[in-house]
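Have a look at the structure below before the remarks.
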Amino acid sequence: MQNPGVVSRIDRMLADALQRAGYSGHGITLVIAVSGGPDSSALLYSLYRLSDIHHLNLHVAHLNHDTRGEETEQDAKFVADLARQLDLPSTIQKEDPLTYQRKQRISSFEQVTREMRYSFLYRVAEAQGSPAVAVGHTADDQAETVLEHILRGSGLHGLKGMTEVSPWPWPPNADGVSVLRPLLAAKKEETAAYCRELGRYYRYDSENSSPKFTR
């Protein structure tokens, strides 16, 4: 179903978030975590559309966890090709989660991939002199996060969920870089519709529908 209004809605959502965070109009470099899925792809496409008027320099970052074999290789290739099409610099890296898991002696594979992802993004942000990394968390992710916190017994604190701008979560004591979540008011169906309305492609991550991990 066509939804032309979704483009202006998403673009306005991101523009407002950039203004609130103080990242608009200062010529900063913003790192964008791009998995290739509809959420991060919509995030990239919108920030690209807004970059001139908000005086942003964009840098695409993608970590290949090598968890789904050829599928993850294709994800990495898609993101690299997308960055080239948009004439944006990118950092595409591949790491072995099993090696990291053995070295750090971590039992939870979900924790392993999370630590690897944020460590990688932090290194990219530091190398680019970026004050923040934009990630594609949506309202659906927010609801899942709150539910997960409640199920884990976090009490009232868990009701807060994710914030639009938050301190860097990993590694410990990392500073100087924030996490920017400008899509928290958008639904996943809207990010997919946004890409379709622009005639842009995105990748489908089979793990998103898998019960293997909590989200």
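Ordered as shown in the structure tokens, chains take letters A, B, and onward, while each chain numbers its residues from 1 and ligands are numbered from 1 in the order shown.
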Identify, on the basis of only C-alpha atoms, every residue whose closest approach to A:Gln74 does not exceed 10 Å; exclude the query and any residue fewer than 5 positions from it along the same chain; express the result as a PyMOL selection string. chain A and resi 36+64+68-69+79-80+203
Could I get the residues of stretch 24-75 of chain A with an atom no further than 12 Å from an atom of stretch 168-187 of chain A, each paired with its nearest atom pair and that distance in Å to one decimal, using only C-alpha atoms, sorted by chain and residue number, as a tab-separated table?
residue	atom	partner	partner_atom	distance
A:Thr29	CA	A:Val177	CA	11.6
A:Leu30	CA	A:Leu180	CA	9.5
A:Val31	CA	A:Leu180	CA	9.8
A:Ile32	CA	A:Leu180	CA	9.3
A:Ala33	CA	A:Val179	CA	10.2
A:Pro38	CA	A:Lys187	CA	10.7
A:Asp39	CA	A:Leu183	CA	8.3
A:Ser40	CA	A:Leu183	CA	9.4
A:Ser41	CA	A:Leu183	CA	11.6
A:Ala42	CA	A:Leu183	CA	9.3
A:Leu43	CA	A:Leu183	CA	7.5
A:Leu44	CA	A:Leu183	CA	11.2
A:Ser46	CA	A:Leu183	CA	10.5
A:Leu47	CA	A:Pro182	CA	10.0
Let me see the file: selected residues, C-alpha atoms, as a PDB file, in the first residue's frame.
ATOM      1  CA  THR A  29      30.591  13.778  11.387  1.00  0.00           C
ATOM      2  CA  LEU A  30      27.830  11.361  12.320  1.00  0.00           C
ATOM      3  CA  VAL A  31      28.545   7.630  12.174  1.00  0.00           C
ATOM      4  CA  ILE A  32      25.550   5.551  11.049  1.00  0.00           C
ATOM      5  CA  ALA A  33      25.305   1.905  12.083  1.00  0.00           C
ATOM      6  CA  PRO A  38      14.766  -1.625   6.675  1.00  0.00           C
ATOM      7  CA  ASP A  39      15.280   0.286   9.936  1.00  0.00           C
ATOM      8  CA  SER A  40      18.955   1.161   9.490  1.00  0.00           C
ATOM      9  CA  SER A  41      18.499   1.616   5.730  1.00  0.00           C
ATOM     10  CA  ALA A  42      15.691   4.127   6.281  1.00  0.00           C
ATOM     11  CA  LEU A  43      17.899   5.848   8.865  1.00  0.00           C
ATOM     12  CA  LEU A  44      20.720   6.154   6.350  1.00  0.00           C
ATOM     13  CA  SER A  46      16.840   9.964   5.609  1.00  0.00           C
ATOM     14  CA  LEU A  47      20.077  11.296   7.106  1.00  0.00           C
TER      15      LEU A  47
END
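Residues in contact with A:Thr113 at up to 9 Å, not including ones fewer than 5 positions away on its chain and judged by only C-alpha atoms, are His65, Pro97, Tyr100, Gln101 and Tyr118 of chain A.
Here atom CA of A:His137 and atom CA of A:Ser107 stand 25.2 Å from one another.
Pairwise distance (atom CA of A:Leu88, atom CA of A:Asn57) equals 8.7 Å.
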Determine which residues of chain A receive a DSSP assignment of strand (DSSP E), computed from the backbone, and state them as a short mmCIF file (atom, residue, chain, number, x, y, z; two decimals) with N, CA and C atoms, in the first residue's frame.
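Written out: selection_1.cif:
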data_model
loop_
_atom_site.label_atom_id
_atom_site.label_comp_id
_atom_site.auth_asym_id
_atom_site.auth_seq_id
_atom_site.Cartn_x
_atom_site.Cartn_y
_atom_site.Cartn_z
N THR A 29 30.67 15.07 12.05
CA THR A 29 30.59 13.78 11.39
C THR A 29 29.73 12.86 12.24
N LEU A 30 28.72 12.28 11.62
CA LEU A 30 27.83 11.36 12.32
C LEU A 30 28.03 9.97 11.74
N VAL A 31 28.40 9.02 12.60
CA VAL A 31 28.55 7.63 12.17
C VAL A 31 27.16 6.98 12.18
N ILE A 32 26.85 6.22 11.14
CA ILE A 32 25.55 5.55 11.05
C ILE A 32 25.78 4.05 11.04
N ALA A 33 25.21 3.36 12.03
CA ALA A 33 25.31 1.91 12.08
C ALA A 33 24.28 1.33 11.12
N ASN A 57 28.31 15.54 8.05
CA ASN A 57 29.15 14.61 7.31
C ASN A 57 28.78 13.21 7.81
N LEU A 58 28.55 12.29 6.90
CA LEU A 58 28.08 10.96 7.28
C LEU A 58 29.15 9.90 7.01
N HIS A 59 29.23 8.94 7.92
CA HIS A 59 30.16 7.81 7.76
C HIS A 59 29.40 6.53 8.08
N VAL A 60 29.37 5.60 7.13
CA VAL A 60 28.63 4.35 7.28
C VAL A 60 29.51 3.30 7.96
N ALA A 61 28.94 2.59 8.94
CA ALA A 61 29.68 1.55 9.66
C ALA A 61 28.87 0.26 9.67
N HIS A 62 29.55 -0.85 9.38
CA HIS A 62 28.87 -2.15 9.38
C HIS A 62 29.84 -3.21 9.89
N LEU A 63 29.38 -3.99 10.86
CA LEU A 63 30.17 -5.10 11.38
C LEU A 63 29.55 -6.42 10.96
N ASN A 64 30.33 -7.25 10.29
CA ASN A 64 29.90 -8.58 9.90
C ASN A 64 30.27 -9.56 11.02
N SER A 90 32.93 4.66 4.29
CA SER A 90 32.39 3.57 5.12
C SER A 90 33.51 2.77 5.76
N THR A 91 33.17 2.12 6.85
CA THR A 91 34.05 1.16 7.49
C THR A 91 33.28 -0.14 7.60
N ILE A 92 33.73 -1.15 6.86
CA ILE A 92 33.09 -2.46 6.85
C ILE A 92 34.10 -3.45 7.40
N GLN A 93 33.74 -4.14 8.47
CA GLN A 93 34.70 -5.03 9.13
C GLN A 93 34.05 -6.36 9.47
N LYS A 94 34.86 -7.42 9.47
CA LYS A 94 34.39 -8.75 9.82
C LYS A 94 35.14 -9.26 11.04
N ALA A 132 28.69 11.05 18.01
CA ALA A 132 27.56 10.13 18.18
C ALA A 132 27.51 9.12 17.05
N VAL A 133 26.89 8.00 17.38
CA VAL A 133 26.58 6.98 16.37
C VAL A 133 25.06 6.86 16.31
N ALA A 134 24.49 7.01 15.13
CA ALA A 134 23.05 6.88 14.94
C ALA A 134 22.71 5.42 14.68
N VAL A 165 18.87 10.00 23.10
CA VAL A 165 20.32 10.15 23.21
C VAL A 165 20.75 9.53 24.53
N SER A 166 21.73 8.66 24.49
CA SER A 166 22.17 8.00 25.72
C SER A 166 23.68 7.84 25.72
N PRO A 167 24.27 7.65 26.93
CA PRO A 167 25.71 7.43 27.02
C PRO A 167 26.11 6.14 26.30
N SER A 178 28.10 9.38 22.01
CA SER A 178 26.74 9.05 22.46
C SER A 178 26.05 8.17 21.43
N VAL A 179 24.97 7.51 21.86
CA VAL A 179 24.11 6.75 20.97
C VAL A 179 22.92 7.64 20.63
N LEU A 180 22.66 7.82 19.33
CA LEU A 180 21.51 8.61 18.87
C LEU A 180 20.49 7.66 18.26
#
Name the residues of stretch 3-184 of chain A that fall into alpha helix (DSSP H) according to DSSP on the backbone, using the chain letters and numbers of this document, as a PyMOL selection string. chain A and resi 5-21+38-50+70-85+97-104+109-128+139-151
Nearest to A:Thr138, chosen from A:Ala83, A:Ala192, A:Ala125, A:Val112, with only C-alpha atoms counted in the distances: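 Residue with the minimum atom-to-atom distance to A:Thr138: A:Ala192.
What separates atom CA of A:Leu50 from atom CA of A:Tyr201 is a distance of 18.7 Å.
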Which one is closest to A:Tyr202: A:Asp11, A:Asp81, A:Asp96, A:Asp52? Count only C-alpha atoms. A:Asp81
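Shortest atom-to-atom contact with A:Ala193 among A:Leu14, A:Val7, A:Met162, A:Val124: A:Val7, counting only C-alpha atoms.
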Which of these, A:Tyr45, A:Ser8, A:Tyr23, A:Leu98, has the shortest distance to A:Gly199 once you count only C-alpha atoms?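 Of the candidates, the smallest distance to A:Gly199 is held by A:Tyr45.
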Shell around A:Gly5 at 10 Å using only C-alpha atoms, local window under 5 positions removed, as a ChimeraX atom specification: /A:10,193-194,197
